[in-house]
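Raw work.cif, mmCIF, C-alpha atoms:
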```cif
data_data
loop_
_atom_site.label_atom_id
_atom_site.label_comp_id
_atom_site.auth_asym_id
_atom_site.auth_seq_id
_atom_site.Cartn_x
_atom_site.Cartn_y
_atom_site.Cartn_z
CA MET Y 249 4.09 -164.97 -112.67
CA SER Y 250 1.03 -163.48 -114.28
CA THR Y 251 0.51 -161.65 -117.54
CA LEU Y 252 -0.07 -157.92 -117.22
CA ARG Y 253 -2.25 -156.14 -119.72
CA SER Y 254 -2.98 -152.56 -120.59
CA LEU Y 255 -4.49 -150.60 -123.46
CA ARG Y 256 -3.38 -147.35 -125.04
CA LYS Y 257 -5.67 -145.03 -126.93
CA ASP Y 258 -3.80 -145.44 -130.24
CA GLY Y 259 -3.10 -149.16 -130.02
CA SER Y 260 -2.54 -151.93 -127.55
CA PHE Y 261 0.23 -153.79 -125.84
CA ASP Y 262 0.70 -156.79 -123.60
CA ILE Y 263 3.51 -157.95 -121.33
CA SER Y 264 4.32 -161.52 -120.31
CA LEU Y 265 6.68 -162.38 -117.46
CA GLU Y 266 6.38 -166.16 -117.70
CA ASP Y 267 9.39 -168.49 -118.05
CA ASP Y 268 11.96 -166.01 -116.64
CA ARG Y 269 11.68 -163.79 -119.69
CA ILE Y 270 10.08 -160.46 -120.39
CA GLY Y 271 7.84 -160.55 -123.44
CA LEU Y 272 6.39 -157.39 -124.92
CA CYS Y 273 4.09 -157.03 -127.91
CA THR Y 274 2.82 -153.69 -129.14
CA GLY Y 275 0.33 -153.03 -131.89
CA ASP Y 276 -1.06 -150.11 -133.75
CA ARG Y 277 -3.44 -150.11 -136.68
CA ARG Y 278 -1.12 -151.83 -139.17
CA TRP Y 279 1.89 -153.15 -137.23
CA ILE Y 280 2.58 -155.69 -134.50
CA ASN Y 281 6.01 -155.70 -132.83
CA CYS Y 282 6.99 -158.47 -130.42
CA ASP Y 283 10.19 -158.74 -128.43
CA GLN Y 284 11.39 -161.12 -125.77
CA TYR Y 285 14.19 -160.36 -123.32
CA ASN Y 286 16.31 -162.41 -120.94
CA ILE Y 287 15.48 -161.14 -117.43
CA GLU Y 288 19.06 -161.43 -116.15
CA SER Y 289 20.91 -159.82 -119.05
CA ALA Y 290 18.11 -157.65 -120.52
CA TYR Y 291 19.27 -158.69 -124.02
CA ALA Y 292 16.64 -159.36 -126.66
CA THR Y 293 16.38 -163.05 -127.42
CA LEU Y 294 13.55 -162.74 -129.97
CA SER Y 295 12.26 -159.93 -132.15
CA LYS Y 296 9.41 -159.99 -134.67
CA LYS Y 297 7.75 -157.20 -136.63
CA MET Y 298 4.62 -157.98 -138.63
CA GLN Y 299 2.52 -155.87 -140.96
CA VAL Y 300 -1.24 -156.43 -141.11
CA GLU Y 301 -2.63 -156.44 -144.64
CA SER Y 302 -5.15 -153.79 -145.66
CA PRO Y 303 -8.11 -153.42 -145.11
CA TRP Y 304 -7.54 -155.16 -141.74
CA ILE Y 305 -6.45 -153.20 -138.66
CA VAL Y 306 -5.33 -154.35 -135.20
CA VAL Y 307 -7.83 -153.54 -132.45
CA ASP Y 308 -6.55 -155.78 -129.64
CA LEU Y 309 -3.71 -158.16 -128.81
CA SER Y 310 -2.48 -160.35 -125.99
CA MET Y 311 0.62 -162.53 -125.67
CA LEU Y 312 2.21 -165.30 -123.62
CA ASN Y 313 5.83 -166.46 -123.33
CA LEU Y 314 6.03 -170.17 -124.03
CA ALA Y 315 7.86 -172.45 -121.60
CA ASN Y 316 11.38 -173.74 -122.29
CA ASN Y 317 12.23 -170.77 -124.52
CA ASN Y 318 9.93 -172.03 -127.29
CA GLY Y 319 8.93 -168.54 -128.40
CA LEU Y 320 5.60 -166.86 -127.74
CA LEU Y 321 1.93 -166.88 -128.60
CA VAL Y 322 0.23 -163.70 -129.81
CA ALA Y 323 -3.55 -163.40 -130.03
CA ILE Y 324 -4.73 -160.59 -132.29
CA THR Y 325 -8.19 -159.25 -132.92
CA LEU Y 326 -8.52 -157.57 -136.28
CA GLU Y 327 -11.24 -155.46 -137.79
CA LYS Y 328 -11.87 -155.18 -141.51
CA ARG Y 329 -12.73 -151.70 -142.65
CA VAL Y 330 -13.67 -150.82 -146.18
CA ARG Y 331 -13.29 -147.12 -146.94
CA TYR Y 332 -15.62 -146.92 -149.95
CA PRO Y 333 -17.99 -149.89 -149.83
CA SER Y 334 -19.59 -151.02 -153.06
CA SER Y 335 -22.34 -153.00 -151.31
CA TYR Y 336 -24.14 -153.25 -147.99
CA GLU Y 337 -22.14 -156.37 -147.10
CA GLU Y 338 -18.90 -154.43 -147.43
CA LEU Y 339 -20.27 -151.67 -145.20
CA GLU Y 340 -20.42 -153.97 -142.17
CA GLU Y 341 -17.28 -154.14 -140.09
CA LYS Y 342 -15.98 -157.66 -139.79
CA ASN Y 343 -13.79 -159.08 -137.06
CA ASP Y 344 -11.18 -161.80 -137.08
CA ARG Y 345 -9.24 -163.37 -134.22
CA ARG Y 346 -6.04 -165.32 -134.64
CA VAL Y 347 -3.41 -166.83 -132.42
CA LEU Y 348 0.09 -166.81 -133.92
CA TRP Y 349 2.94 -168.98 -132.66
CA ILE Y 350 6.26 -167.19 -133.06
CA ASP Y 351 9.14 -169.60 -132.48
CA ARG Y 352 12.45 -168.83 -130.75
CA GLU Y 353 14.00 -167.75 -134.09
CA GLY Y 354 11.24 -165.18 -134.64
CA LYS Y 355 9.48 -167.15 -137.40
CA ILE Y 356 5.74 -167.76 -137.51
CA SER Y 357 5.44 -171.50 -136.88
CA GLY Y 358 1.67 -171.67 -136.79
CA SER Y 359 -1.61 -169.80 -136.92
CA LEU Y 360 -5.02 -170.65 -135.53
CA HIS Y 361 -8.27 -168.92 -136.48
CA ILE Y 362 -10.62 -168.33 -133.53
CA PRO Y 363 -14.25 -168.00 -134.70
CA ARG Y 364 -16.71 -165.65 -132.98
CA ARG Y 365 -19.14 -168.35 -131.77
CA GLY Y 366 -21.89 -165.89 -130.86
CA CYS Y 367 -19.78 -163.55 -128.75
CA ASP Y 368 -19.12 -160.36 -130.67
CA TYR Y 369 -16.00 -158.30 -130.10
CA GLU Y 370 -16.35 -154.92 -128.43
CA PRO Y 371 -13.45 -152.43 -128.14
CA ALA Y 372 -13.59 -152.66 -124.32
CA ALA Y 373 -13.17 -156.44 -124.39
CA ILE Y 374 -10.25 -158.19 -122.77
CA SER Y 375 -8.45 -161.22 -124.15
CA ARG Y 376 -5.81 -163.28 -122.41
CA ILE Y 377 -3.82 -166.37 -123.37
CA LEU Y 378 -3.50 -168.84 -120.50
CA ASP Y 379 -1.11 -171.79 -120.16
CA ARG Y 380 -3.18 -174.71 -118.86
CA GLY Y 381 -0.16 -177.05 -118.68
CA ASN Y 382 0.68 -180.20 -120.63
CA GLY Y 383 0.92 -178.22 -123.88
CA SER Y 384 -2.63 -176.87 -123.61
CA TYR Y 385 -3.37 -173.15 -123.98
CA CYS Y 386 -6.63 -171.21 -123.85
CA LEU Y 387 -7.58 -167.89 -125.34
CA THR Y 388 -10.11 -166.40 -122.93
CA MET Y 389 -12.12 -163.41 -124.11
CA ILE Y 390 -14.51 -161.18 -122.25
CA CYS Y 391 -16.85 -159.61 -124.74
CA GLN Y 392 -20.34 -158.26 -125.11
CA ASP Y 393 -22.98 -160.94 -125.52
CA GLU Y 394 -24.88 -159.98 -128.69
CA GLN Y 395 -28.26 -161.23 -127.46
CA ALA Y 396 -28.05 -160.10 -123.83
CA ALA Y 397 -26.50 -156.73 -124.65
CA THR Y 398 -29.51 -155.35 -126.46
CA LYS Y 399 -31.24 -154.61 -123.14
CA THR Y 400 -28.77 -155.22 -120.34
CA GLY Y 401 -25.26 -154.73 -121.74
CA LEU Y 402 -24.13 -157.99 -120.13
CA MET Y 403 -20.68 -159.34 -120.79
CA ALA Y 404 -19.94 -162.93 -121.73
CA VAL Y 405 -16.84 -165.08 -121.41
CA GLN Y 406 -15.72 -167.12 -124.37
CA GLU Y 407 -12.82 -169.55 -124.17
CA ARG Y 408 -11.09 -171.51 -126.93
CA CYS Y 409 -8.49 -174.04 -125.83
CA PHE Y 410 -5.89 -175.45 -128.21
CA SER Y 411 -2.46 -177.02 -128.52
CA LEU Y 412 0.45 -175.99 -130.74
CA ASP Y 413 -0.25 -179.12 -132.82
CA GLU Y 414 -3.59 -177.62 -133.94
CA MET Y 415 -1.87 -174.65 -135.56
CA SER Y 416 -1.12 -174.60 -139.26
CA LEU Y 417 0.85 -172.41 -141.62
CA ASP Y 418 -1.88 -172.18 -144.26
CA GLU Y 419 -4.16 -169.90 -142.18
CA GLN Y 420 -1.90 -166.85 -142.30
CA VAL Y 421 -4.09 -164.77 -144.56
CA ILE Y 422 -4.09 -161.61 -142.43
CA VAL Y 423 -0.47 -161.01 -141.52
CA GLY Y 424 1.51 -159.86 -144.51
CA PRO Y 425 5.22 -159.57 -145.24
CA THR Y 426 7.41 -159.18 -142.20
CA ILE Y 427 10.47 -157.11 -141.53
CA GLU Y 428 13.22 -158.94 -139.68
#
```

Could you express the structure from this file as structure tokens?
Amino acid sequence: MSTLRSLRKDGSFDISLEDDRIGLCTGDRRWINCDQYNIESAYATLSKKMQVESPWIVVDLSMLNLANNNGLLVAITLEKRVRYPSSYEELEEKNDRRVLWIDREGKISGSLHIPRRGCDYEPAAISRILDRGNGSYCLTMICQDEQAATKTGLMAVQERCFSLDEMSLDEQVIVGPTIE
């Protein structure tokens, strides 16, 4: 089955129907809530609530149920906003993308930073996590190409493939204390 995606004006959410489970992640400016349900019984098998540390806010997310009930992957795009900047550097909005692996117990088992690589995030962009098989996953992003957009507004596709083995626990600098 495929992943369905939709955006709301005040936040975002994503649904995954892979692996005979229903996965749902919702996000607003400061919170990300992810739940996974057994399709047959409709009981929650996983639940995770995460708070994003200030001054970061959630601007986009996508998710994927992992095979064999191994949890889920959540890709989040964050924007850093400084209310009263003390310098020009602080005035610029900065973006950060991360993929979090939430295991079947609801614990963060890994985090992977996804650098921009010349493709800047735009609010209308779409991101999707794809299972490429054999333990390989790709975060595919459609975003505005910084160089081409100045005159044409062209979109670009950026893809970053990874495995769960590439994730580490020491990169979790954005997501703060969680509520279980």

Quick check, in Å to one decimal: how far apart do atom CA of Y:Glu266 and atom CA of Y:Asn313 lie?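 Rounded to one decimal, the two atoms are 5.7 Å apart.
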
Evaluate the PyMOL selection byres ((chain Y and resi 275-277) around 6) and record the selected residues as a list in words, following the chain and residue labels used in the document.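 Here the PyMOL selection byres ((chain Y and resi 275-277) around 6) matches Gly259, Ser260, Thr274, Arg278, Trp279, Ile280, Ile305 and Val306 of chain Y.
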
Could you save the residues just selected, with C-alpha atoms, as a PDB file, in the frame of the given file?
```
ATOM      1  CA  GLY Y 259      -3.100-149.160-130.020  1.00  0.00           C
ATOM      2  CA  SER Y 260      -2.540-151.930-127.550  1.00  0.00           C
ATOM      3  CA  THR Y 274       2.820-153.690-129.140  1.00  0.00           C
ATOM      4  CA  ARG Y 278      -1.120-151.830-139.170  1.00  0.00           C
ATOM      5  CA  TRP Y 279       1.890-153.150-137.230  1.00  0.00           C
ATOM      6  CA  ILE Y 280       2.580-155.690-134.500  1.00  0.00           C
ATOM      7  CA  ILE Y 305      -6.450-153.200-138.660  1.00  0.00           C
ATOM      8  CA  VAL Y 306      -5.330-154.350-135.200  1.00  0.00           C
TER       9      VAL Y 306
END
```

Could you list the residues chosen by the PyMOL selection byres ((chain Y and resi 281-295) around 6) in this structure as an MDAnalysis selection string? chainID Y and resid 269:274 280 296:297 354

Straight-line distance linking atom CA of Y:Val300 with atom CA of Y:Leu265, stated in Å to one decimal: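 Interatomic distance, atom CA of Y:Val300 to atom CA of Y:Leu265: 25.6 Å.
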
Two-atom distance - atom CA of Y:Leu417, atom CA of Y:Ser357 (Å):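 The value is 6.7 Å.
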
When you count all atoms listed in the file, which of these residues is closest to Y:Cys409: Y:Leu314, Y:Leu378, Y:Val322, Y:Val307?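 Between Y:Leu314, Y:Leu378, Y:Val322, Y:Val307, the residue approaching Y:Cys409 most closely is Y:Leu378.
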
If you count only C-alpha atoms, which residues fall within 12 Å of Y:Leu387, apart from same-chain ones fewer than 2 positions away, as an MDAnalysis selection string? chainID Y and resid 309:312 321:325 345:348 360:363 374:380 384:385 389:390 405:411

Filtering to C-alpha atoms, could you give me those residues as a PDB file, keeping the file's coordinate frame?
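That gives us again-v1.pdb:
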```pdb
ATOM      1  CA  LEU Y 309      -3.710-158.160-128.810  1.00  0.00           C
ATOM      2  CA  SER Y 310      -2.480-160.350-125.990  1.00  0.00           C
ATOM      3  CA  MET Y 311       0.620-162.530-125.670  1.00  0.00           C
ATOM      4  CA  LEU Y 312       2.210-165.300-123.620  1.00  0.00           C
ATOM      5  CA  LEU Y 321       1.930-166.880-128.600  1.00  0.00           C
ATOM      6  CA  VAL Y 322       0.230-163.700-129.810  1.00  0.00           C
ATOM      7  CA  ALA Y 323      -3.550-163.400-130.030  1.00  0.00           C
ATOM      8  CA  ILE Y 324      -4.730-160.590-132.290  1.00  0.00           C
ATOM      9  CA  THR Y 325      -8.190-159.250-132.920  1.00  0.00           C
ATOM     10  CA  ARG Y 345      -9.240-163.370-134.220  1.00  0.00           C
ATOM     11  CA  ARG Y 346      -6.040-165.320-134.640  1.00  0.00           C
ATOM     12  CA  VAL Y 347      -3.410-166.830-132.420  1.00  0.00           C
ATOM     13  CA  LEU Y 348       0.090-166.810-133.920  1.00  0.00           C
ATOM     14  CA  LEU Y 360      -5.020-170.650-135.530  1.00  0.00           C
ATOM     15  CA  HIS Y 361      -8.270-168.920-136.480  1.00  0.00           C
ATOM     16  CA  ILE Y 362     -10.620-168.330-133.530  1.00  0.00           C
ATOM     17  CA  PRO Y 363     -14.250-168.000-134.700  1.00  0.00           C
ATOM     18  CA  ILE Y 374     -10.250-158.190-122.770  1.00  0.00           C
ATOM     19  CA  SER Y 375      -8.450-161.220-124.150  1.00  0.00           C
ATOM     20  CA  ARG Y 376      -5.810-163.280-122.410  1.00  0.00           C
ATOM     21  CA  ILE Y 377      -3.820-166.370-123.370  1.00  0.00           C
ATOM     22  CA  LEU Y 378      -3.500-168.840-120.500  1.00  0.00           C
ATOM     23  CA  ASP Y 379      -1.110-171.790-120.160  1.00  0.00           C
ATOM     24  CA  ARG Y 380      -3.180-174.710-118.860  1.00  0.00           C
ATOM     25  CA  SER Y 384      -2.630-176.870-123.610  1.00  0.00           C
ATOM     26  CA  TYR Y 385      -3.370-173.150-123.980  1.00  0.00           C
ATOM     27  CA  MET Y 389     -12.120-163.410-124.110  1.00  0.00           C
ATOM     28  CA  ILE Y 390     -14.510-161.180-122.250  1.00  0.00           C
ATOM     29  CA  VAL Y 405     -16.840-165.080-121.410  1.00  0.00           C
ATOM     30  CA  GLN Y 406     -15.720-167.120-124.370  1.00  0.00           C
ATOM     31  CA  GLU Y 407     -12.820-169.550-124.170  1.00  0.00           C
ATOM     32  CA  ARG Y 408     -11.090-171.510-126.930  1.00  0.00           C
ATOM     33  CA  CYS Y 409      -8.490-174.040-125.830  1.00  0.00           C
ATOM     34  CA  PHE Y 410      -5.890-175.450-128.210  1.00  0.00           C
ATOM     35  CA  SER Y 411      -2.460-177.020-128.520  1.00  0.00           C
TER      36      SER Y 411
END
```
